[in-house]
Every structure is written in structure tokens, then in C-alpha cells.
Amino acid sequence: MSRADDLRLMTRIAQMYHVEARKQAEIAEALHIPQARISRLLSRAVDEGIVRISITPPPGVFMDLEAKLRDQYGIEQAIVAESVSETEESVIAAIGDAAAHFVETTVMDDEVIGLSSWSSSLLRMVDSITPLKRVRASQVVQILGGIGSPSVQSHAQHLVMRMAQLTGSSPQFLPAPGVTGSPESRAALLQDPFVAETLGYFSRLTLAFVGIGAMTPSKMLANSGNAFTRKELDDLAEQGAVGDMGLRFFDAAGAPVITPLNDRVIGIALAEVKAAKRVVAVAGGARKTAAIRAALVGGYIDILITDVFTAERLIAPDPEPATIS
């Protein structure tokens with residue numbers, strides 16, 4: 001068979017399969033050609049350019065942005081959610097709902113899930129998840145101390161308990177404050193057997209959900225009693241800090257910023273975050289962009305769930321310097 005005949009046959013088979021929506025077995029019977037050869041010729045039709053596959057993303061799907069984030073920061077996956085505006089409420093709703101869908105479609109049996117306590121976006125995520133009937137995770141572990149102001153402490157407990165209920169797993173609470181009054185207080189609390197038991201799960205996390213904090217804490221964190229003072233945050237900024245995960249601060253290159261304040265935090269360390277099998281950051285908004293970029297550069301994140309406005313800033317060639325308000 002000449003090349004022209006070969007191309008003609010490929011074109012006819014491609015037309016029957018892609019345009020006429022006929023099954024390969026039907027084509028094989030109609031043309032008296034073995035089905036295995038039909039399959040090979042369909043593949044060759046793509047290689048020859050006879051068939052060209054194009055994907056047209058629907059409104060609200062940002063494939064190009066997601067690909068640029070993956071390429072620029074070397075992450076496994078980027079999920080960019082459509083937000084109707086850049087208000088904090090709109091961004092939290094968009095990324096929280098997108099994170100809920102991620103949970104519903106990717107959580108596996110026997111996962112050990114880590115969950116940060118004081119994150120509005122993670123709270124929205126767990127409130128948007130529908131119960132998972134197809135899987136049973138092993139444990140949901142609180143990875144930042146959740147004891148604080150009684151008026152908002154219920155948020156931290158709700159996050160862990162609700163995620164455990166949704167994934168058919170057991171909750172593992174961290175019965176300690178996120179920030180202690182002194183290193184001595186922290187050392188004493190670490191001796192508590194219930195605290196020690198929870199800390200022991202940190203090295204076993206298969207899936208960790210984290211928020212990313214800016215140098216100005218969120219309203220939830222500020223009201224929780226687990227935030228540092230403005231003076232302490234200013235001192236951290238002077239030493240190069242641009243953001244945090246679980247009150248563990250890092251600079252613009254993602255390197256940990258170690259100060260005596262670190263000895264007052266009860267929660268997962270940055271090295272333990274990086275060691276988790278999969279780390280999902282759910283974060284967005286203008287005030288957090290510098291911190292998100294630094295966490296990406298530092299290699300802490302495998303999967304980023306963010307909003308379209310933040311995504312566009314993250315791929316900008318000349319990022320604006322972080323500001324402290």
C-alpha cells in the first residue's frame with residue numbers, strides 16, 4: 001500500500017470514529033480490517049496530524065494558569081478557582097469550595113490527614129464537603145494547637161471533628177494552645193501524654209491540608225488567642241519573615257526564620273510539613289501572595305488551591321515586595 005493509500009485509510013477510519021461516532025469494532029467489521037489495526041491507525045492519525053485534539057476550557061476553568069503555576073514552581077498540581085471579586089470573603093468561598101471537591105475526589109483509604117486549626121479557608125472546605133461513602137481514612141490529625149479563646153476555640157474542634165466524620169475516620173486532637181506563654185510552658189505541655197500522642201502522628205501524615213498566613217494574621221487567628229503580638233510580628237519581619245504555615249515562619253526564599261518565638265509554638269514544624277507525602281495549601285488573596293510565593297519557592301507545597309487573582313500575581317515576572325500593615 002502506498003503512503004497516499006495509507007493516509008487515505010487513516011483519514012477514513014478517523015472520520016468514522018471521531019465524526020460518525022462509530023465504535024472500533026463496528027469500523028473493523030465495516031472495513032474488514034482487524035480491530036487491533038484500527039486502533040493502531042487511529043493512533044497514527046494523531047501522529048500524522050490528520051486528527052488534532054484541542055481542548056476548549058469552559059468559563060471558570062483556568063488550564064493555562066494552572067500549567068504555568070506547575071511549571072514555574074515545580075508543583076504536582078495547581079487548582080485555580082474562579083472568584084467573583086478579590087474580597088477576602090469571595091476568595092475564601094471560592095478556594096474552600098474547590099478544596100472540598102479535591103477532598104471528595106482524591107482522598108484514599110487509610111489516609112492519615114493533617115489539618116491546621118486556624119484557617120478560614122479550611123473551615124469553608126470542611127463545611128462544603130459531602131460525606132465520602134467510597135473511602136475510609138484512618139485518622140484526622142490536628143497539626144496546630146487549638147486551645148484558645150473560648151469564643152472561637154470551637155472552630156478548631158469543628159474542623160477536625162467534621163473532617164473525621166466526613167472521611168469515616170477518627171479525630172486526633174492536639175489538646176494544647178498554638179502559642180504558649182513561655183518556652184517552659186511549652187516544654188511542660190509536651191510531656192502531656194495526649195499531646196505527645198498527637199505529635200507522634202506528624203511523621204505519619206499522608207495528606208496535610210495547610211493554610212498560609214501573612215504577616216498580618218487573619219481575623220480568626222487574631223481572635224483565637226493563638227497569634228503573636230504586633231511587636232513580635234514586626235520583629236519577625238525585620239528578620240526577613242514574609243509568612244507562615246502553622247505559625248512557623250519563613251522568608252522570601254522559603255527558608256525557616258528561627259527566633260525564640262519558635263520555642264513557644266505547639267504544632268507541626270516546617271521540616272515535618274515538607275516530609276508529609278502530599279501537602280495541599282489552600283490559600284489566596286492579595287495580602288497572602290508574597291507568603292504563598294515563598295512557600296512555593298521553599299518546596300513545602302505539592303498541591304496549591306488558590307483563586308484566579310492570586311494565581312495571576314504568582315506568575316507575574318516582577319512580584320511586588322511584601323508589605324507589612
# chains A, B, ... in the order shown; residues from 1 in each chain; ligands from 1

call {"tool": "select_by_dssp", "arguments": {"residues": "stretch 74-226 of chain A", "states": "alpha helix (DSSP H)", "output": "PyMOL selection string"}}
result
chain A and resi 88-106+120-128+150-166+183-190+193-199+219-224

call {"tool": "select_by_dssp", "arguments": {"residues": "stretch 117-307 of chain A", "states": "strand (DSSP E or B)", "output": "PyMOL selection string"}}
result
chain A and resi 139-142+144+147+170-172+177+179+207-210+213+241-245+248-251+256+265+267+279-282+303-307

call {"tool": "residues_around", "arguments": {"residues": "A:Gly240", "least_positions_apart": "6", "cutoff": "12 Å", "atoms": "only C-alpha atoms", "output": "list in words"}}
result
Met215, Leu233, Asp234, Phe249, Phe250, Asp251, Ala252, Ala253, Gly254, Ala255, Pro256, Val257, Ile258, Thr259, Ala290, Ala291, Ala294, Pro321, Ala322, Thr323 and Ile324 of chain A

call {"tool": "write_last_selection", "arguments": {"atoms": "N, CA and C atoms", "output": "mmCIF file, in the first residue's frame"}}
result
data_model
loop_
_atom_site.group_PDB
_atom_site.id
_atom_site.type_symbol
_atom_site.label_atom_id
_atom_site.label_comp_id
_atom_site.auth_asym_id
_atom_site.auth_seq_id
_atom_site.Cartn_x
_atom_site.Cartn_y
_atom_site.Cartn_z
ATOM 1 N N MET A 215 1.920 38.203 57.264
ATOM 2 C CA MET A 215 2.454 38.788 58.486
ATOM 3 C C MET A 215 1.378 39.525 59.282
ATOM 4 N N LEU A 233 5.483 40.205 65.628
ATOM 5 C CA LEU A 233 5.426 40.028 64.176
ATOM 6 C C LEU A 233 6.336 41.017 63.459
ATOM 7 N N ASP A 234 6.404 42.258 63.962
ATOM 8 C CA ASP A 234 7.311 43.249 63.369
ATOM 9 C C ASP A 234 8.759 42.802 63.503
ATOM 10 N N PHE A 249 7.475 30.397 60.716
ATOM 11 C CA PHE A 249 7.707 31.482 59.760
ATOM 12 C C PHE A 249 8.850 31.174 58.811
ATOM 13 N N PHE A 250 8.772 31.763 57.611
ATOM 14 C CA PHE A 250 9.802 31.580 56.585
ATOM 15 C C PHE A 250 10.005 32.890 55.839
ATOM 16 N N ASP A 251 11.175 32.989 55.170
ATOM 17 C CA ASP A 251 11.498 34.202 54.435
ATOM 18 C C ASP A 251 11.087 34.060 52.969
ATOM 19 N N ALA A 252 11.452 35.043 52.143
ATOM 20 C CA ALA A 252 11.009 35.063 50.743
ATOM 21 C C ALA A 252 11.547 33.888 49.947
ATOM 22 N N ALA A 253 12.652 33.287 50.400
ATOM 23 C CA ALA A 253 13.203 32.113 49.726
ATOM 24 C C ALA A 253 12.651 30.813 50.295
ATOM 25 N N GLY A 254 11.750 30.938 51.278
ATOM 26 C CA GLY A 254 11.169 29.753 51.884
ATOM 27 C C GLY A 254 11.991 29.160 53.014
ATOM 28 N N ALA A 255 13.087 29.803 53.372
ATOM 29 C CA ALA A 255 13.923 29.287 54.459
ATOM 30 C C ALA A 255 13.290 29.618 55.804
ATOM 31 N N PRO A 256 13.333 28.688 56.764
ATOM 32 C CA PRO A 256 12.754 28.971 58.079
ATOM 33 C C PRO A 256 13.414 30.178 58.743
ATOM 34 N N VAL A 257 12.601 30.993 59.389
ATOM 35 C CA VAL A 257 13.099 32.109 60.193
ATOM 36 C C VAL A 257 12.980 31.668 61.650
ATOM 37 N N ILE A 258 14.108 31.342 62.243
ATOM 38 C CA ILE A 258 14.121 30.772 63.589
ATOM 39 C C ILE A 258 14.418 31.869 64.603
ATOM 40 N N THR A 259 13.494 32.072 65.521
ATOM 41 C CA THR A 259 13.650 33.026 66.618
ATOM 42 C C THR A 259 13.195 32.333 67.901
ATOM 43 N N ALA A 290 2.702 37.161 48.743
ATOM 44 C CA ALA A 290 4.138 37.015 48.996
ATOM 45 C C ALA A 290 4.432 35.765 49.812
ATOM 46 N N ALA A 291 3.581 35.483 50.787
ATOM 47 C CA ALA A 291 3.771 34.297 51.625
ATOM 48 C C ALA A 291 3.551 33.016 50.820
ATOM 49 N N ALA A 294 6.551 32.426 48.603
ATOM 50 C CA ALA A 294 7.692 31.937 49.372
ATOM 51 C C ALA A 294 7.532 30.470 49.739
ATOM 52 N N PRO A 321 7.174 43.653 46.260
ATOM 53 C CA PRO A 321 7.696 43.250 47.561
ATOM 54 C C PRO A 321 6.600 43.146 48.597
ATOM 55 N N ALA A 322 6.820 42.278 49.580
ATOM 56 C CA ALA A 322 5.839 42.113 50.651
ATOM 57 C C ALA A 322 5.764 43.361 51.493
ATOM 58 N N THR A 323 4.590 43.711 51.954
ATOM 59 C CA THR A 323 4.425 44.873 52.821
ATOM 60 C C THR A 323 3.814 44.448 54.134
ATOM 61 N N ILE A 324 4.137 45.158 55.172
ATOM 62 C CA ILE A 324 3.596 44.898 56.486
ATOM 63 C C ILE A 324 2.658 46.036 56.854
#

call {"tool": "residues_around", "arguments": {"residues": "A:Ile212", "least_positions_apart": "5", "cutoff": "8 Å", "atoms": "only C-alpha atoms", "output": "list in words"}}
result
Gly243, Asp244, Met245, Gly246, Ala281, Val282, Ala283, Lys288, Ala291 and Ile292 of chain A

call {"tool": "closest_atom_pairs", "arguments": {"of": "stretch 36-110 of chain A", "to": "stretch 9-23 of chain A", "cutoff": "7 Å", "atoms": "only C-alpha atoms", "output": "Markdown table"}}
result
| residue | atom | partner | partner_atom | distance |
| --- | --- | --- | --- | --- |
| A:Leu41 | CA | A:Met10 | CA | 5.7 |
| A:Leu42 | CA | A:Ala14 | CA | 6.1 |
| A:Ala45 | CA | A:Met10 | CA | 5.8 |
| A:Ile50 | CA | A:Thr11 | CA | 6.6 |

call {"tool": "decode", "arguments": {"residues": "stretch 99-112 of chain A", "atoms": "C-alpha atoms", "output": "mmCIF file, in the first residue's frame"}}
result
data_model
loop_
_atom_site.group_PDB
_atom_site.id
_atom_site.type_symbol
_atom_site.label_atom_id
_atom_site.label_comp_id
_atom_site.auth_asym_id
_atom_site.auth_seq_id
_atom_site.Cartn_x
_atom_site.Cartn_y
_atom_site.Cartn_z
ATOM 1 C CA ALA A 99 -10.669 22.304 48.125
ATOM 2 C CA ALA A 100 -13.843 20.451 49.131
ATOM 3 C CA HIS A 101 -14.108 18.977 45.638
ATOM 4 C CA PHE A 102 -10.431 17.981 45.818
ATOM 5 C CA VAL A 103 -11.100 16.101 49.057
ATOM 6 C CA GLU A 104 -14.179 14.386 47.629
ATOM 7 C CA THR A 105 -12.288 13.114 44.581
ATOM 8 C CA THR A 106 -8.809 12.275 45.879
ATOM 9 C CA VAL A 107 -8.848 11.061 49.496
ATOM 10 C CA MET A 108 -7.846 7.396 49.654
ATOM 11 C CA ASP A 109 -8.469 4.605 52.141
ATOM 12 C CA ASP A 110 -6.271 4.650 55.254
ATOM 13 C CA GLU A 111 -5.063 8.214 54.749
ATOM 14 C CA VAL A 112 -3.592 9.953 57.782
#
